[in-house]
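Remarks on the structure that follows.
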Amino acid sequence: MRLITVAGPPSSGKTSVILRLADILREKNQKIGVVKFDCLTSFDKIRYTEYDIPVLVGFAGKFCPDHFFISNVEDAVRWGMREGFDILITESAGLCNRCSPHIRGVLAICVIDNLSGIHTPRKIGPMLKFADIVVVTKGDIVSQAEREVFMFNIRQVNSNAKIIFINGITGQGAFMLGKHTIFAAKIASLRGYKLRFTTPASVCSYCTGETRIGEEYQNGMLRKMEFP
Amino acid sequence: MINDLYDRVTNETLQELIADYPIVADFFINYNLQNLENELPFSEALNKVDENILIDFGLNKTTVLDQLVLFLQTVSGEEQTTTVQEITILGGQTKSEDVEEFVFSIKSGEIISIVGPTGSGKSRFLADIECLAQRDTPTKRQILVNGRALEDEERFVMDGRLVAQLSQNMNFVMDLSVGEFLEMHAKSRLHPNPTKVVAECFAAANELVGEKFTLQTKVTQLSGGQSRALMIADTACMSTSPIVLIDEIENAGVDRRQAIHMLAKNEKIVLISTHDPLLALMAGKRLVIKNGGVYKIIETTPEERESLAKIEMLDNTLQSIRNKLRIGDRITPDTI
């Protein structure tokens, strides 16, 4: 089974890109499954189900979404193997710009949208920096110049990634993404694999349910700002 | 080249480096390193900052150097775009899987229009060109570049650089003035003479519209016609993509004829998908699409070109009626 991780800021078009990719892969008779890692709620299950794509949804809830992802992705792969998928896609929302659910040796896609501001690629961080493919959505409604500047800003941060523009509605561009999926390595298990970047460190009192504000309530690993 | 860059990064002060590659300032901003001491070489300047800044990005004092070299290599390699003198489209199949028999070449500087009813396959045709189809899309067409078929690896490299697009759904979303916008684009293109190209581009855009705008106008405040004019001029003067795909240009105070010629003059291959008779006849040839296939290839005759002048008159009449209505005038049979 091939595994692909897809990450991107909320509402950047991850689900649409995966659905358009599914169109391409189905033409090649590939069986696809999706595991969606979300935070609190998700409406994507309906979209996948309507599309007849087997999907499982997990909610991180009060846990860091990246920690949640990494503690469950191995089981996700087992599920995919049991279901006999040719391709399993994990979809996760990067919320703190530091999220990066990309695994060494597993094809990593980052989805960002062209409407999110010209400097966004320079702010996103590891999720973009460590991706093999950067998919840019909503490029059809901005000017060519803005697309080019956006692409340049992506290259500044990640010069090795392939950049693909995809129209999430018409599917234009998805064909080339489909071509790249042949580079996704076949795996049977993720045991022993490593993340490309560390997850955010967070073992402080607020992680374990503290809500009160004040120095005496702050314990564990903390970072303090310097104020003049 | 890499060794050369390593030498420069190791020996030159940041000031010197930024003078040679102004874009390098972006690199330091990307990694929160904008406050380095400029009169020192990079590694020495790094010794004076909190290493935690680098750790946040998964870097240390050695790997950040590699990143800078990689960055320089990327930005200085950006210029290389394939020269495309000609593309050739080989027919594939229609929606009903009948053989689509044609071979059609387009040279740089040529204007081709694509006509056909909505849903006939015009967009698919443009999509085939965009992804440089090699008999592997649903239409089974093949696109040759300079007479040559392409390996997948070459297609991936060219992806996103070959084709510039213009459509009437496009907007500016940046909060910048026209001047800032053009400068930013020139900068990202690492243009050797940004001031010159910005001035050219600005002048070209104003040539295309009746209602002039200034370098200080915000791009988001431009009228529909002005935005389109700026996008066209920018694509003509600044974009390196050798192929321009146009999906209609609305008739909103833009000199469409001049716009298309501006693109073609800059040695681009111009393909226009349109329902507009003016745009369709402006091209040297037009492809008629029907049922997903190229049904006819028609060369524009001198007669048709002559009719173009009349169509333009009709078009102007319609435009003047529109303007009259807009400013609150009455319409009489004499107006027409």
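In the structure tokens, chains take the letters A, B, ... in the order shown, each chain's residues start at 1, and ligands count up from 1 in the order shown.
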- Once DSSP has gone over the backbone, tell me which residues of range 22-61 of chain A are in strand (DSSP E or B), as a count of residues only. 12
- Query: Using only C-alpha atoms, which residues sit within 12 Å of range 183-197 of chain A once same-chain residues fewer than 4 positions away are excluded, as a PyMOL selection string?
  - Reply: (chain A and resi 1-5+66-67+69-82+84-89+98-109+125-133+177-179+201) or (chain B and resi 55-59+153)
For the residues in that selection, give me C-alpha atoms as a PDB file, in the first residue's frame.
```pdb
ATOM      1  CA  MET A   1       0.000   0.000   0.000  1.00  0.00           C
ATOM      2  CA  ARG A   2       1.202   3.508  -0.797  1.00  0.00           C
ATOM      3  CA  LEU A   3       0.863   6.136   1.921  1.00  0.00           C
ATOM      4  CA  ILE A   4       0.542   9.884   1.372  1.00  0.00           C
ATOM      5  CA  THR A   5       0.318  12.544   4.084  1.00  0.00           C
ATOM      6  CA  ASP A  66       0.398  16.660  15.829  1.00  0.00           C
ATOM      7  CA  HIS A  67       0.873  14.442  18.868  1.00  0.00           C
ATOM      8  CA  PHE A  69      -1.565  12.286  14.545  1.00  0.00           C
ATOM      9  CA  ILE A  70       1.689  10.558  15.336  1.00  0.00           C
ATOM     10  CA  SER A  71       0.163   8.371  18.034  1.00  0.00           C
ATOM     11  CA  ASN A  72      -2.511   7.110  15.659  1.00  0.00           C
ATOM     12  CA  VAL A  73      -0.969   6.989  12.221  1.00  0.00           C
ATOM     13  CA  GLU A  74       0.504   3.510  12.668  1.00  0.00           C
ATOM     14  CA  ASP A  75      -2.952   2.130  13.436  1.00  0.00           C
ATOM     15  CA  ALA A  76      -4.299   4.043  10.458  1.00  0.00           C
ATOM     16  CA  VAL A  77      -1.844   2.177   8.249  1.00  0.00           C
ATOM     17  CA  ARG A  78      -2.921  -1.156   9.758  1.00  0.00           C
ATOM     18  CA  TRP A  79      -6.533  -0.285   8.968  1.00  0.00           C
ATOM     19  CA  GLY A  80      -5.577   0.610   5.414  1.00  0.00           C
ATOM     20  CA  MET A  81      -3.761  -2.708   4.989  1.00  0.00           C
ATOM     21  CA  ARG A  82      -6.754  -4.651   6.346  1.00  0.00           C
ATOM     22  CA  GLY A  84      -6.785  -3.622   1.050  1.00  0.00           C
ATOM     23  CA  PHE A  85      -6.318  -0.062  -0.212  1.00  0.00           C
ATOM     24  CA  ASP A  86      -3.815   0.667  -2.944  1.00  0.00           C
ATOM     25  CA  ILE A  87      -3.368   4.161  -1.566  1.00  0.00           C
ATOM     26  CA  LEU A  88      -4.047   5.506   1.915  1.00  0.00           C
ATOM     27  CA  ILE A  89      -4.169   9.266   2.350  1.00  0.00           C
ATOM     28  CA  ARG A  98       4.314  24.530  13.213  1.00  0.00           C
ATOM     29  CA  CYS A  99       2.378  21.346  12.558  1.00  0.00           C
ATOM     30  CA  SER A 100       4.186  19.008  10.234  1.00  0.00           C
ATOM     31  CA  PRO A 101       2.822  15.499  10.044  1.00  0.00           C
ATOM     32  CA  HIS A 102       5.350  14.526   7.401  1.00  0.00           C
ATOM     33  CA  ILE A 103       7.215  11.250   7.774  1.00  0.00           C
ATOM     34  CA  ARG A 104      10.600  10.383   6.289  1.00  0.00           C
ATOM     35  CA  GLY A 105      10.137   8.027   3.364  1.00  0.00           C
ATOM     36  CA  VAL A 106       6.428   8.829   2.969  1.00  0.00           C
ATOM     37  CA  LEU A 107       5.220  11.172   0.217  1.00  0.00           C
ATOM     38  CA  ALA A 108       4.347  14.484   1.877  1.00  0.00           C
ATOM     39  CA  ILE A 109       1.955  17.004   0.375  1.00  0.00           C
ATOM     40  CA  GLY A 125       7.047  26.692   8.570  1.00  0.00           C
ATOM     41  CA  PRO A 126       7.828  22.972   8.744  1.00  0.00           C
ATOM     42  CA  MET A 127       4.529  21.832   7.213  1.00  0.00           C
ATOM     43  CA  LEU A 128       5.588  23.535   3.982  1.00  0.00           C
ATOM     44  CA  LYS A 129       9.335  23.351   4.378  1.00  0.00           C
ATOM     45  CA  PHE A 130       9.420  19.572   4.719  1.00  0.00           C
ATOM     46  CA  ALA A 131       6.857  18.728   2.035  1.00  0.00           C
ATOM     47  CA  ASP A 132       7.766  16.924  -1.201  1.00  0.00           C
ATOM     48  CA  ILE A 133       4.903  18.504  -3.111  1.00  0.00           C
ATOM     49  CA  LEU A 177      -0.460  15.376  -8.903  1.00  0.00           C
ATOM     50  CA  GLY A 178      -1.699  11.925  -9.870  1.00  0.00           C
ATOM     51  CA  LYS A 179       1.507  11.386 -11.800  1.00  0.00           C
ATOM     52  CA  ALA A 201       6.943  20.401  22.851  1.00  0.00           C
TER      53      ALA A 201
ATOM     54  CA  ILE B  55      16.272  25.371  16.933  1.00  0.00           C
ATOM     55  CA  ASP B  56      12.685  26.531  16.410  1.00  0.00           C
ATOM     56  CA  PHE B  57      13.248  25.951  12.698  1.00  0.00           C
ATOM     57  CA  GLY B  58      14.970  22.618  13.198  1.00  0.00           C
ATOM     58  CA  LEU B  59      18.341  24.159  12.324  1.00  0.00           C
ATOM     59  CA  GLU B 153      10.666  14.244 -15.609  1.00  0.00           C
TER      60      GLU B 153
END
```
- Task: Enumerate the residues of range 99-238 of chain B with a DSSP assignment of helix (DSSP H, G or I), computed from the backbone, and present them as a PyMOL selection string.
- Result: chain B and resi 122-130+152-158+178-188+194-207+219-221+224-237
- Contacts of Tyr217 in chain A at 10 Å (only C-alpha atoms; same-chain gap of 3+ positions) as JSON, numbers by chain: {"A": [204, 205, 206, 210, 211, 212, 213, 214, 220]}
- Interface list for chain B, partner chain A, 8 Å threshold, only C-alpha atoms, as a VMD selection string: chain B and resid 27 30 57 to 58 70 to 71 74 to 75 127 131 137 156 159 to 160 164 to 167 169 to 174 184 to 185 188 to 189 231 234 to 235 239
Using N, CA, C and O atoms, can you export the residues from the last selection as a tab-separated table (two decimals), in the first residue's frame?
```tsv
chain	number	residue	atom	x	y	z
B	27	PHE	N	15.55	35.86	3.16
B	27	PHE	CA	15.98	34.64	3.84
B	27	PHE	C	16.10	34.89	5.34
B	27	PHE	O	15.63	34.12	6.16
B	30	ASN	N	12.77	35.24	6.91
B	30	ASN	CA	12.10	33.93	7.03
B	30	ASN	C	12.52	33.19	8.28
B	30	ASN	O	11.74	32.41	8.84
B	57	PHE	N	13.42	26.32	14.11
B	57	PHE	CA	13.25	25.95	12.70
B	57	PHE	C	13.91	24.62	12.38
B	57	PHE	O	14.06	24.25	11.21
B	58	GLY	N	14.32	23.91	13.42
B	58	GLY	CA	14.97	22.62	13.20
B	58	GLY	C	16.36	22.77	12.61
B	58	GLY	O	16.85	21.90	11.89
B	70	LEU	N	21.60	26.89	-0.28
B	70	LEU	CA	20.50	26.33	-1.06
B	70	LEU	C	19.57	27.44	-1.55
B	70	LEU	O	19.12	27.45	-2.69
B	71	PHE	N	19.29	28.38	-0.66
B	71	PHE	CA	18.42	29.51	-0.99
B	71	PHE	C	19.02	30.32	-2.14
B	71	PHE	O	18.34	30.62	-3.12
B	74	THR	N	18.77	28.47	-5.33
B	74	THR	CA	17.40	28.48	-5.86
B	74	THR	C	17.08	29.80	-6.52
B	74	THR	O	16.60	29.85	-7.64
B	75	VAL	N	17.35	30.90	-5.80
B	75	VAL	CA	16.95	32.19	-6.35
B	75	VAL	C	17.80	32.60	-7.54
B	75	VAL	O	17.33	33.32	-8.41
B	127	ALA	N	-6.23	22.57	-20.91
B	127	ALA	CA	-5.63	21.77	-19.84
B	127	ALA	C	-4.57	20.82	-20.40
B	127	ALA	O	-3.53	20.59	-19.78
B	131	CYS	N	-0.65	20.78	-19.07
B	131	CYS	CA	0.11	19.67	-18.45
B	131	CYS	C	0.99	18.96	-19.47
B	131	CYS	O	1.57	17.92	-19.17
B	137	THR	N	-3.85	11.78	-21.01
B	137	THR	CA	-5.04	12.44	-20.46
B	137	THR	C	-6.26	11.82	-21.14
B	137	THR	O	-6.11	11.09	-22.13
B	156	PHE	N	7.61	17.58	-15.31
B	156	PHE	CA	7.55	18.02	-13.91
B	156	PHE	C	8.37	19.29	-13.73
B	156	PHE	O	8.00	20.20	-13.02
B	159	ASP	N	6.56	22.17	-15.20
B	159	ASP	CA	5.24	22.39	-14.62
B	159	ASP	C	5.15	23.74	-13.90
B	159	ASP	O	5.98	24.07	-13.08
B	160	GLY	N	4.14	24.49	-14.26
B	160	GLY	CA	3.91	25.76	-13.58
B	160	GLY	C	4.73	26.91	-14.12
B	160	GLY	O	4.55	28.05	-13.73
B	164	ALA	N	1.22	30.88	-18.63
B	164	ALA	CA	0.61	31.95	-17.84
B	164	ALA	C	-0.87	31.97	-18.19
B	164	ALA	O	-1.23	31.70	-19.33
B	165	GLN	N	-1.72	32.26	-17.22
B	165	GLN	CA	-3.15	32.24	-17.50
B	165	GLN	C	-3.79	33.57	-17.18
B	165	GLN	O	-3.41	34.26	-16.25
B	166	LEU	N	-4.80	33.90	-17.98
B	166	LEU	CA	-5.56	35.12	-17.78
B	166	LEU	C	-7.02	34.75	-17.93
B	166	LEU	O	-7.40	34.16	-18.93
B	167	SER	N	-7.82	35.02	-16.91
B	167	SER	CA	-9.24	34.77	-17.12
B	167	SER	C	-10.04	35.88	-16.48
B	167	SER	O	-9.53	36.63	-15.65
B	169	ASN	N	-12.22	35.71	-14.34
B	169	ASN	CA	-12.54	35.49	-12.92
B	169	ASN	C	-11.42	35.96	-12.01
B	169	ASN	O	-11.54	35.88	-10.80
B	170	MET	N	-10.31	36.39	-12.60
B	170	MET	CA	-9.17	36.71	-11.76
B	170	MET	C	-9.25	38.09	-11.15
B	170	MET	O	-9.71	39.03	-11.77
B	171	ASN	N	-8.77	38.18	-9.91
B	171	ASN	CA	-8.77	39.45	-9.19
B	171	ASN	C	-7.41	39.67	-8.55
B	171	ASN	O	-6.65	38.73	-8.38
B	172	PHE	N	-7.18	40.91	-8.16
B	172	PHE	CA	-6.03	41.17	-7.30
B	172	PHE	C	-6.50	41.03	-5.86
B	172	PHE	O	-7.55	41.54	-5.51
B	173	VAL	N	-5.74	40.32	-5.05
B	173	VAL	CA	-6.14	40.20	-3.65
B	173	VAL	C	-5.14	40.86	-2.71
B	173	VAL	O	-5.36	40.92	-1.52
B	174	MET	N	-4.02	41.34	-3.27
B	174	MET	CA	-3.02	41.95	-2.42
B	174	MET	C	-3.39	43.39	-2.11
B	174	MET	O	-3.93	44.09	-2.94
B	184	MET	N	7.17	44.21	-6.60
B	184	MET	CA	7.21	42.91	-5.95
B	184	MET	C	7.34	41.79	-6.99
B	184	MET	O	8.11	40.85	-6.82
B	185	HIS	N	6.60	41.94	-8.08
B	185	HIS	CA	6.68	40.92	-9.12
B	185	HIS	C	8.07	40.91	-9.75
B	185	HIS	O	8.66	39.86	-9.98
B	188	SER	N	10.51	39.24	-7.46
B	188	SER	CA	10.40	37.78	-7.42
B	188	SER	C	10.94	37.15	-8.70
B	188	SER	O	11.33	36.01	-8.74
B	189	ARG	N	10.96	37.94	-9.75
B	189	ARG	CA	11.52	37.45	-10.99
B	189	ARG	C	13.02	37.69	-11.04
B	189	ARG	O	13.68	37.30	-11.97
B	231	MET	N	-3.11	43.31	-15.57
B	231	MET	CA	-2.76	41.89	-15.63
B	231	MET	C	-2.17	41.52	-16.98
B	231	MET	O	-1.20	40.77	-17.07
B	234	ASP	N	1.30	43.14	-17.37
B	234	ASP	CA	2.23	42.45	-16.48
B	234	ASP	C	2.63	41.09	-17.07
B	234	ASP	O	3.80	40.72	-17.06
B	235	THR	N	1.64	40.36	-17.61
B	235	THR	CA	1.95	39.07	-18.22
B	235	THR	C	2.87	39.26	-19.43
B	235	THR	O	3.80	38.50	-19.64
B	239	SER	N	6.12	38.33	-17.05
B	239	SER	CA	6.07	36.88	-16.90
B	239	SER	C	7.02	36.21	-17.89
B	239	SER	O	7.13	36.64	-19.03
```
- Message: Excluding Thr83 in chain B and its own-chain neighbours fewer than 6 positions away, which residues fall within 12 Å of it when counting only C-alpha atoms? Please give them as a PyMOL selection string.
- Response: chain B and resi 107-108+145-146+158+161-162+240-243+267-269
- Message: Using only C-alpha atoms, which protein or nucleic acid residues come within 9 Å of Thr274 in chain B? Drop anything in the same chain fewer than 6 positions from it, and give the result as a ChimeraX atom specification.
- Response: /B:113-116,122,246-249,280
- Near Gln226 in chain B, counting only C-alpha atoms, which residues have an atom at most 10 Å away, once you skip same-chain residues fewer than 5 positions from it, shown as a PyMOL selection string? chain B and resi 205-206+208-213+219+221+231-232+252-254
Write a file of the selected residues as a PDB file, in the first residue's frame, keeping N, CA and C atoms.
```pdb
ATOM      1  N   ALA B 205       0.264  49.128 -19.462  1.00  0.00           N
ATOM      2  CA  ALA B 205      -1.071  48.925 -18.906  1.00  0.00           C
ATOM      3  C   ALA B 205      -1.955  50.126 -19.196  1.00  0.00           C
ATOM      4  N   ASN B 206      -1.396  51.325 -19.033  1.00  0.00           N
ATOM      5  CA  ASN B 206      -2.190  52.534 -19.271  1.00  0.00           C
ATOM      6  C   ASN B 206      -2.528  52.756 -20.741  1.00  0.00           C
ATOM      7  N   LEU B 208      -3.622  50.500 -22.556  1.00  0.00           N
ATOM      8  CA  LEU B 208      -4.746  49.629 -22.886  1.00  0.00           C
ATOM      9  C   LEU B 208      -6.090  50.133 -22.362  1.00  0.00           C
ATOM     10  N   VAL B 209      -6.054  51.135 -21.487  1.00  0.00           N
ATOM     11  CA  VAL B 209      -7.323  51.597 -20.907  1.00  0.00           C
ATOM     12  C   VAL B 209      -7.613  53.049 -21.224  1.00  0.00           C
ATOM     13  N   GLY B 210      -8.895  53.379 -21.278  1.00  0.00           N
ATOM     14  CA  GLY B 210      -9.299  54.753 -21.498  1.00  0.00           C
ATOM     15  C   GLY B 210      -9.057  55.572 -20.243  1.00  0.00           C
ATOM     16  N   GLU B 211      -9.434  54.981 -19.125  1.00  0.00           N
ATOM     17  CA  GLU B 211      -9.355  55.674 -17.838  1.00  0.00           C
ATOM     18  C   GLU B 211      -7.995  55.374 -17.202  1.00  0.00           C
ATOM     19  N   LYS B 212      -7.106  56.384 -17.154  1.00  0.00           N
ATOM     20  CA  LYS B 212      -5.734  56.119 -16.669  1.00  0.00           C
ATOM     21  C   LYS B 212      -5.694  55.967 -15.150  1.00  0.00           C
ATOM     22  N   PHE B 213      -4.684  55.253 -14.691  1.00  0.00           N
ATOM     23  CA  PHE B 213      -4.465  55.153 -13.242  1.00  0.00           C
ATOM     24  C   PHE B 213      -3.002  55.477 -12.937  1.00  0.00           C
ATOM     25  N   VAL B 219      -4.136  48.337  -6.080  1.00  0.00           N
ATOM     26  CA  VAL B 219      -4.584  47.385  -7.110  1.00  0.00           C
ATOM     27  C   VAL B 219      -6.026  46.951  -6.872  1.00  0.00           C
ATOM     28  N   GLN B 221      -8.328  48.807  -5.891  1.00  0.00           N
ATOM     29  CA  GLN B 221      -9.273  49.881  -6.221  1.00  0.00           C
ATOM     30  C   GLN B 221      -9.381  50.121  -7.722  1.00  0.00           C
ATOM     31  N   MET B 231      -3.113  43.313 -15.574  1.00  0.00           N
ATOM     32  CA  MET B 231      -2.763  41.886 -15.625  1.00  0.00           C
ATOM     33  C   MET B 231      -2.167  41.522 -16.985  1.00  0.00           C
ATOM     34  N   ILE B 232      -2.749  42.059 -18.046  1.00  0.00           N
ATOM     35  CA  ILE B 232      -2.263  41.740 -19.388  1.00  0.00           C
ATOM     36  C   ILE B 232      -0.861  42.319 -19.601  1.00  0.00           C
ATOM     37  N   ALA B 252     -14.605  45.640 -21.014  1.00  0.00           N
ATOM     38  CA  ALA B 252     -14.850  46.632 -19.967  1.00  0.00           C
ATOM     39  C   ALA B 252     -13.835  47.745 -20.074  1.00  0.00           C
ATOM     40  N   GLY B 253     -13.818  48.406 -21.215  1.00  0.00           N
ATOM     41  CA  GLY B 253     -12.910  49.535 -21.370  1.00  0.00           C
ATOM     42  C   GLY B 253     -11.470  49.138 -21.607  1.00  0.00           C
ATOM     43  N   VAL B 254     -11.239  47.874 -22.022  1.00  0.00           N
ATOM     44  CA  VAL B 254      -9.875  47.464 -22.366  1.00  0.00           C
ATOM     45  C   VAL B 254      -9.789  47.358 -23.879  1.00  0.00           C
TER      46      VAL B 254
END
```
Quick one: residues within 10 Å of Phe43 in chain A, only C-alpha atoms, excluding same-chain residues fewer than 5 positions away - as a PDB file with C-alpha atoms, in the first residue's frame?
```pdb
ATOM      1  CA  ASP A  38      -9.170  16.878  12.832  1.00  0.00           C
ATOM      2  CA  TYR A  48     -15.857  11.481   1.299  1.00  0.00           C
ATOM      3  CA  VAL A  57     -12.275  10.552  11.222  1.00  0.00           C
TER       4      VAL A  57
END
```
- Task: Quick one: pull the distance between CA of Ala283 in chain B and CA of Ala203 in chain B, Å, one decimal.
- Result: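 Between CA of Ala283 in chain B and CA of Ala203 in chain B the gap works out to 24.7 Å.
Using only C-alpha atoms, the shortest contact distance between Val17 in chain A and any of A:Asn219, A:Ala161, A:Pro228, A:Val134 is found at A:Val134.
Residue nearest Leu21 in chain A, chosen from A:Ile166, A:Val35, A:Ile112, A:Ala93 and counting only C-alpha atoms: A:Ile166.
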